[in-house]
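A.B. asks: Take this structure first; my questions come after.
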Amino acid sequence: MSKQANKIRIALSKGRIFKETLPLLAAVGIEPDDDPETSRKLILGTNQPDVDLVVIRATDVPTYVGHGAADVGVAGKDVLLEHGSEGLYEPLDLRIAQCRMMVAGFPNASMEGQRLRIATKYINSARRHFAAQGKQVEIIKLYGSMELAPIVGLSDLIVDLVESGNTLKANGLEPIEHIMDISSRLIVNKAAWKMKHARIKALLEGVRAAVESKNNE
Amino acid sequence: MDYAHWLLPEGIDEFLPPRSLLLEQQRRRMLDLFDSWGYELIIPPMMEYLESLTSGVGQDLAPQMFKLMDQLSGRQLGIRTDITPQAARVDAHQLRKEQPTRLCYLGEVMRTLPNGLGGSRSQIQLGAELFGHSGIESDFEILSLMMAAIGCTGVQDIYLDLGHVGIYRTLIQDADLDGPLESRIFSAMQRKDLPWLQSQMDDGTLDACTGARLIALAQLNGEAAETLALAHEQLGDSQRVKSALAELQQTAEWVGQHFPDTPLYMDLAELRGYRYQTGLVFAAFIETEGHEIARGGRYDAIGETFGRARPATGFSADLLKLMALAHQSETASKPRVAAPWQFSARLHEKKASLRKQGYQVINMLPGQQADAQAMGCQHELIEQSGEWVLHELPPNA
């Protein structure tokens with residue numbers, strides 16, 4: 001929980017999640033004072049004196065919220081599955097930053113037989129997916145440009161997030177298996193939920209209404 | 001690889017001055033508190049046979065247990081992760097009384113995985129268990145003792161969180177859910193993962209009625225009276241849920257009377273992450289900490305695994321964590337006196353009498369480098385006309 005009793009600190013990641021979360025926050029009357037793309041500030045104030053934003057790496061959001069350094073956060077389901085969701089609640093699907101986690105590879109790639117080598121950033125999700133199928137695979141952890149791995153012979157397949165599929169296509173790859181749909185969740189620190197309950201519940205219900213009205217349009 | 005071989009393993013702590021003395025003083029105060037409530041101290045061993053530690057109450061932490069092979073018996077031993085199962089074993093097999101039994105403990109526990117931020121793998125666990133009474137009166141006694149124990153460390157401004165695992169269990173039993181699906185529901189409930197519950201309802205894995213009840217449960221939290229009223233409305237058609245709500249209501253009233261300054265919060269979906277809990281559960285929070293600082297509740301089914309079903313309720317907390325939160329940095333240290341190294345019956349007597357009066361008396365060893373002030377002394381013993389008297393030293397510059 002952020003240290004000030006009456007303040008709410010919201011953790012967001014730069015880029016797509018930030019951009020798509022802004023309209024939802026605006027719907028509950030929260031607007032940042034600065035643009036994180038141009039500002040060098042790590043903590044952004046908002047038009048509401050008791051709310052501030054921290055803009056951090058996507059994979060750090062559950063850590064900040066889980067340990068209470070931020071009260072509320074927005075994190076992709078992919079990140080939550082990968083890094084665990086200890087110490088936090090994930091009560092609301094914001095239906096933003098939507099994509100699919102997929103197994104991808106060359107069009108003729110074999111899914112059977114030998115011990116497949118899988119290049120991915122999502123080692124836990126990939127391991128779970130293949131283990132559920134009873135397949136013994138070797139996971140190769142990469143930090144980016146997964147598409148390159150099969151091309152240069154580093155792996156047989158990749159597990160990655162797919163939005164339009166254009167990057168895969170441009171590199172001669174295609175989606176092979178759907179693992180799960182991914183979107184971003186509103187997450188809340190457990191202790192903050194209890195001690196700042198009225199404030200957080202109001203925020204949650206406001207955002208929920210905004211998500212619903214946006215998706216009913 | 002080059003490394004310092006004397007470094008401690010990751011997440012393993014030791015206690016050095018002045019923290020070690022603070023810890024010991026706090027430990028004594030805590031045991032005195034437990035003693036004044038009539039809780040008897042048990043000191044169970046650091047390790048036991050694995051089966052004994054991991055049955056019943058211990059199963060949740062079994063994956064986090066350090067294990068080793070006993071060369072004498074050929075059986076596996078575990079280093080305790082939690083003292084509660086040991087207290088349950090002691091009650092069931094060593095004491096075997098029919099009347100209510102009150103036990104307390106304070107000792108080190110170890111876990112293989114670091115716990116939370118900063119990642120300590122050792123804790124000094126303190127706790128108390130009350131066996132042999134099945135009403136909420138004993139739950140409230142344990143809750144009150146938990147509040148007193150937290151207060152005894154100097155931590156203030158506590159928030160209480162109250163829940164009742166019986167409600168979740170009733171919904172699960174009414175719907176005949178078990179196995180992996182129930183485990184996933186249990187985990188979703190811990191995370192208030194409404195989207196997942198909804199998706200299970202949408203694809204027919206959960207029937208509409210059960211799904212709606214579970215989703216309602218996941219949202220039943222907030223101010224006590226309001227939450228209870230909503231719960232009656234949404235889940236009150238079950239007799240067992242009703243009696244759980246009545247227990248919560250009564251406990252909330254008692255909390256209001258006995259701890260009027262403590263904010264009370266109710267969360268009916270809070271299962272405290274533990275499988276063995278059966279009834280009322282509670283936890284204490286403070287504002288600056290993102291996790292609960294003490295927790296407890298009822299676990300009636302446990303005795304069965306030891307062949308003797310006894311109702312039970314208890315609480316535990318990590319003393320190190322409580323001390324860190326209380327920000328006690330000052331030891332009530334005793335005044336320190338430097339005595340010369342000299343054989344004299346009078347000097348010997350004087351030193352003994354000063355020690356008895358609460359002074360620390362240290363000998364200045366022949367040829368030592370530091371003077372009395374450098375040794376942290378505020379006084380020295382000097383001889384004046386055949387008498388040894390205390391002489392105050394000027395403060396160290």
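Naming scheme: A, B, ... for chains in displayed order of the structure tokens; residues 1 onward per chain; ligands 1 onward as shown.
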Which residues are near Glu137 in chain B? Cut-off 12 Å, only C-alpha atoms, ignore same chain within fewer than 5 positions. Put them as an MDAnalysis selection string.

C.D. replies: chainID B and resid 130 132 142:144 247:248 250:251 254:255 280 297:298 312:313

A.B. asks: If we count only C-alpha atoms, which residues of chain B reach to within 10 Å of chain A? Please list them as an mmCIF file with N, CA, C and O atoms, in the first residue's frame.

C.D. replies:
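Contents of selection_10.cif, freshly written:
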```
data_model
loop_
_atom_site.group_PDB
_atom_site.id
_atom_site.type_symbol
_atom_site.label_atom_id
_atom_site.label_comp_id
_atom_site.auth_asym_id
_atom_site.auth_seq_id
_atom_site.Cartn_x
_atom_site.Cartn_y
_atom_site.Cartn_z
ATOM 1 N N GLY B 116 7.662 -12.916 0.153
ATOM 2 C CA GLY B 116 7.436 -11.485 -0.041
ATOM 3 C C GLY B 116 8.691 -10.704 -0.374
ATOM 4 O O GLY B 116 9.741 -11.248 -0.707
ATOM 5 N N LEU B 117 8.535 -9.396 -0.261
ATOM 6 C CA LEU B 117 9.599 -8.474 -0.647
ATOM 7 C C LEU B 117 10.803 -8.630 0.278
ATOM 8 O O LEU B 117 10.687 -8.713 1.461
ATOM 9 N N TYR B 159 -6.022 -2.396 11.557
ATOM 10 C CA TYR B 159 -7.317 -2.638 10.908
ATOM 11 C C TYR B 159 -7.594 -4.127 11.019
ATOM 12 O O TYR B 159 -6.695 -4.926 10.832
ATOM 13 N N LEU B 160 -8.855 -4.470 11.297
ATOM 14 C CA LEU B 160 -9.193 -5.882 11.370
ATOM 15 C C LEU B 160 -10.007 -6.295 10.154
ATOM 16 O O LEU B 160 -10.863 -5.546 9.684
ATOM 17 N N ASP B 161 -9.717 -7.483 9.669
ATOM 18 C CA ASP B 161 -10.454 -8.035 8.545
ATOM 19 C C ASP B 161 -11.079 -9.351 9.009
ATOM 20 O O ASP B 161 -10.387 -10.214 9.537
ATOM 21 N N ALA B 188 -9.218 -18.707 -7.757
ATOM 22 C CA ALA B 188 -9.870 -17.526 -8.342
ATOM 23 C C ALA B 188 -10.500 -16.663 -7.242
ATOM 24 O O ALA B 188 -10.458 -15.441 -7.280
ATOM 25 N N MET B 189 -11.062 -17.340 -6.230
ATOM 26 C CA MET B 189 -11.721 -16.624 -5.137
ATOM 27 C C MET B 189 -10.701 -15.790 -4.371
ATOM 28 O O MET B 189 -10.969 -14.655 -3.974
ATOM 29 N N GLN B 190 -9.497 -16.336 -4.188
ATOM 30 C CA GLN B 190 -8.411 -15.611 -3.515
ATOM 31 C C GLN B 190 -8.038 -14.337 -4.254
ATOM 32 O O GLN B 190 -7.541 -13.401 -3.670
ATOM 33 N N ARG B 191 -8.198 -14.390 -5.595
ATOM 34 C CA ARG B 191 -7.784 -13.250 -6.418
ATOM 35 C C ARG B 191 -8.971 -12.365 -6.784
ATOM 36 O O ARG B 191 -8.809 -11.435 -7.555
ATOM 37 N N LYS B 192 -10.153 -12.693 -6.301
ATOM 38 C CA LYS B 192 -11.386 -12.020 -6.724
ATOM 39 C C LYS B 192 -11.417 -11.939 -8.241
ATOM 40 O O LYS B 192 -11.679 -10.885 -8.821
ATOM 41 N N ASP B 193 -11.109 -13.075 -8.882
ATOM 42 C CA ASP B 193 -10.995 -13.114 -10.334
ATOM 43 C C ASP B 193 -12.395 -13.285 -10.941
ATOM 44 O O ASP B 193 -12.781 -14.375 -11.377
ATOM 45 N N LEU B 194 -13.155 -12.208 -10.945
ATOM 46 C CA LEU B 194 -14.526 -12.260 -11.470
ATOM 47 C C LEU B 194 -14.557 -12.639 -12.952
ATOM 48 O O LEU B 194 -15.424 -13.402 -13.367
ATOM 49 N N PRO B 195 -13.623 -12.104 -13.776
ATOM 50 C CA PRO B 195 -13.675 -12.479 -15.191
ATOM 51 C C PRO B 195 -13.564 -13.987 -15.403
ATOM 52 O O PRO B 195 -14.251 -14.551 -16.247
ATOM 53 N N TRP B 196 -12.708 -14.648 -14.616
ATOM 54 C CA TRP B 196 -12.567 -16.100 -14.788
ATOM 55 C C TRP B 196 -13.845 -16.820 -14.358
ATOM 56 O O TRP B 196 -14.326 -17.723 -15.043
ATOM 57 N N ALA B 218 -17.718 -13.432 -4.154
ATOM 58 C CA ALA B 218 -16.454 -12.742 -4.425
ATOM 59 C C ALA B 218 -16.592 -11.236 -4.241
ATOM 60 O O ALA B 218 -15.604 -10.538 -4.069
ATOM 61 N N GLN B 219 -17.820 -10.742 -4.285
ATOM 62 C CA GLN B 219 -18.015 -9.295 -4.165
ATOM 63 C C GLN B 219 -18.541 -8.858 -2.810
ATOM 64 O O GLN B 219 -18.808 -7.686 -2.592
ATOM 65 N N ASN B 221 -17.785 -7.754 0.248
ATOM 66 C CA ASN B 221 -16.764 -7.233 1.142
ATOM 67 C C ASN B 221 -17.020 -5.755 1.359
ATOM 68 O O ASN B 221 -17.633 -5.099 0.544
ATOM 69 N N GLY B 222 -16.526 -5.275 2.486
ATOM 70 C CA GLY B 222 -16.695 -3.859 2.790
ATOM 71 C C GLY B 222 -17.089 -3.646 4.240
ATOM 72 O O GLY B 222 -16.731 -4.451 5.107
ATOM 73 N N GLU B 223 -17.811 -2.610 4.476
ATOM 74 C CA GLU B 223 -18.234 -2.262 5.835
ATOM 75 C C GLU B 223 -19.112 -3.390 6.390
ATOM 76 O O GLU B 223 -19.900 -3.996 5.649
ATOM 77 N N PRO B 263 -10.792 -0.031 13.118
ATOM 78 C CA PRO B 263 -11.694 -0.163 11.975
ATOM 79 C C PRO B 263 -11.881 -1.641 11.619
ATOM 80 O O PRO B 263 -10.913 -2.403 11.586
ATOM 81 N N LEU B 264 -13.123 -2.022 11.389
ATOM 82 C CA LEU B 264 -13.427 -3.418 11.057
ATOM 83 C C LEU B 264 -13.909 -3.486 9.618
ATOM 84 O O LEU B 264 -14.727 -2.693 9.178
ATOM 85 N N TYR B 265 -13.388 -4.473 8.907
ATOM 86 C CA TYR B 265 -13.716 -4.653 7.517
ATOM 87 C C TYR B 265 -14.133 -6.110 7.379
ATOM 88 O O TYR B 265 -13.635 -6.970 8.093
ATOM 89 N N MET B 266 -15.073 -6.382 6.486
ATOM 90 C CA MET B 266 -15.502 -7.767 6.332
ATOM 91 C C MET B 266 -15.307 -8.217 4.907
ATOM 92 O O MET B 266 -15.590 -7.470 3.977
ATOM 93 N N ASP B 267 -14.759 -9.392 4.731
ATOM 94 C CA ASP B 267 -14.576 -9.944 3.394
ATOM 95 C C ASP B 267 -14.955 -11.420 3.436
ATOM 96 O O ASP B 267 -14.220 -12.245 3.960
ATOM 97 N N ALA B 284 -5.006 -9.038 10.697
ATOM 98 C CA ALA B 284 -4.750 -7.654 11.073
ATOM 99 C C ALA B 284 -3.884 -7.007 10.001
ATOM 100 O O ALA B 284 -2.976 -7.633 9.462
ATOM 101 N N PHE B 285 -4.209 -5.774 9.689
ATOM 102 C CA PHE B 285 -3.454 -4.999 8.704
ATOM 103 C C PHE B 285 -3.051 -3.679 9.337
ATOM 104 O O PHE B 285 -3.698 -3.212 10.270
ATOM 105 N N ILE B 286 -1.994 -3.064 8.802
ATOM 106 C CA ILE B 286 -1.738 -1.658 9.128
ATOM 107 C C ILE B 286 -1.494 -0.915 7.824
ATOM 108 O O ILE B 286 -1.191 -1.530 6.793
ATOM 109 N N GLU B 287 -1.587 0.409 7.919
ATOM 110 C CA GLU B 287 -1.616 1.193 6.702
ATOM 111 C C GLU B 287 -0.363 1.117 5.841
ATOM 112 O O GLU B 287 -0.420 1.188 4.634
ATOM 113 N N THR B 288 0.798 0.995 6.473
ATOM 114 C CA THR B 288 2.022 1.087 5.684
ATOM 115 C C THR B 288 2.481 -0.250 5.126
ATOM 116 O O THR B 288 3.533 -0.337 4.522
ATOM 117 N N GLU B 289 1.695 -1.291 5.326
ATOM 118 C CA GLU B 289 2.165 -2.616 4.938
ATOM 119 C C GLU B 289 1.170 -3.239 3.958
ATOM 120 O O GLU B 289 -0.011 -3.280 4.215
ATOM 121 N N GLY B 290 1.677 -3.717 2.828
ATOM 122 C CA GLY B 290 0.813 -4.266 1.779
ATOM 123 C C GLY B 290 0.291 -5.665 2.056
ATOM 124 O O GLY B 290 -0.457 -6.215 1.261
ATOM 125 N N HIS B 291 0.725 -6.267 3.159
ATOM 126 C CA HIS B 291 0.283 -7.619 3.489
ATOM 127 C C HIS B 291 -0.257 -7.652 4.912
ATOM 128 O O HIS B 291 0.054 -6.772 5.709
ATOM 129 N N GLU B 292 -1.000 -8.718 5.231
ATOM 130 C CA GLU B 292 -1.483 -8.856 6.604
ATOM 131 C C GLU B 292 -0.291 -9.031 7.544
ATOM 132 O O GLU B 292 0.752 -9.548 7.143
#
```

A.B. asks: Could you pull out all residues of range 66-152 of chain B with a DSSP call of strand (DSSP E) and give them as an MDAnalysis selection string?

C.D. replies: chainID B and resid 67:69 76:79 101:115 120:131

A.B. asks: Can you tell me, as a ChimeraX atom specification, what residues are no more than 12 Å from Lys169 in chain A when counting only C-alpha atoms, ignoring any on the same chain fewer than 5 positions away?

C.D. replies: /A:104-107,147,162-164,174-175

A.B. asks: Quick one: write out the picked residues with N, CA, C and O atoms as a JSON list (two decimals), in the first residue's frame?

C.D. replies:
```
[["chain", "number", "residue", "atom", "x", "y", "z"],
["A", 104, "ALA", "N", 3.44, -20.37, -32.55],
["A", 104, "ALA", "CA", 3.60, -20.05, -33.96],
["A", 104, "ALA", "C", 4.88, -20.68, -34.49],
["A", 104, "ALA", "O", 5.77, -21.07, -33.71],
["A", 105, "GLY", "N", 4.94, -20.80, -35.81],
["A", 105, "GLY", "CA", 6.13, -21.40, -36.42],
["A", 105, "GLY", "C", 6.00, -21.37, -37.93],
["A", 105, "GLY", "O", 5.07, -20.74, -38.46],
["A", 106, "PHE", "N", 6.88, -22.06, -38.60],
["A", 106, "PHE", "CA", 6.75, -22.16, -40.06],
["A", 106, "PHE", "C", 5.49, -22.93, -40.39],
["A", 106, "PHE", "O", 5.07, -23.81, -39.62],
["A", 107, "PRO", "N", 4.88, -22.65, -41.56],
["A", 107, "PRO", "CA", 3.63, -23.28, -41.92],
["A", 107, "PRO", "C", 3.68, -24.81, -41.87],
["A", 107, "PRO", "O", 2.71, -25.45, -41.50],
["A", 147, "GLU", "N", 10.27, -13.91, -33.28],
["A", 147, "GLU", "CA", 10.08, -14.42, -34.63],
["A", 147, "GLU", "C", 11.38, -14.86, -35.28],
["A", 147, "GLU", "O", 11.41, -15.71, -36.17],
["A", 162, "VAL", "N", 0.03, -12.46, -30.15],
["A", 162, "VAL", "CA", -0.26, -12.15, -31.54],
["A", 162, "VAL", "C", -1.45, -11.20, -31.57],
["A", 162, "VAL", "O", -2.48, -11.46, -30.94],
["A", 163, "GLU", "N", -1.26, -10.09, -32.26],
["A", 163, "GLU", "CA", -2.37, -9.14, -32.35],
["A", 163, "GLU", "C", -3.00, -9.26, -33.73],
["A", 163, "GLU", "O", -4.07, -9.81, -33.90],
["A", 164, "SER", "N", -2.29, -8.77, -34.76],
["A", 164, "SER", "CA", -2.84, -8.87, -36.12],
["A", 164, "SER", "C", -2.25, -10.05, -36.86],
["A", 164, "SER", "O", -2.82, -10.54, -37.84],
["A", 174, "GLU", "N", 3.44, -18.53, -39.15],
["A", 174, "GLU", "CA", 1.99, -18.40, -38.96],
["A", 174, "GLU", "C", 1.57, -18.98, -37.61],
["A", 174, "GLU", "O", 2.25, -19.82, -37.05],
["A", 175, "PRO", "N", 0.43, -18.48, -37.10],
["A", 175, "PRO", "CA", -0.05, -19.03, -35.82],
["A", 175, "PRO", "C", -0.44, -20.49, -35.99],
["A", 175, "PRO", "O", -1.04, -20.86, -37.00]]
```

A.B. asks: Can you pull out every residue from range 29-148 of chain A that DSSP, working from the backbone, puts in helix (DSSP H, G or I), and format the result as a list in words?

C.D. replies: Ala58, Thr59, Asp60, Val61, Pro62, Thr63, Tyr64, Val65, Gly66, Lys77, Asp78, Val79, Leu80, Leu81, Glu82, His83, Ile123, Asn124, Ser125, Ala126, Arg127, Arg128, His129, Phe130, Ala131, Ala132 and Leu148 of chain A
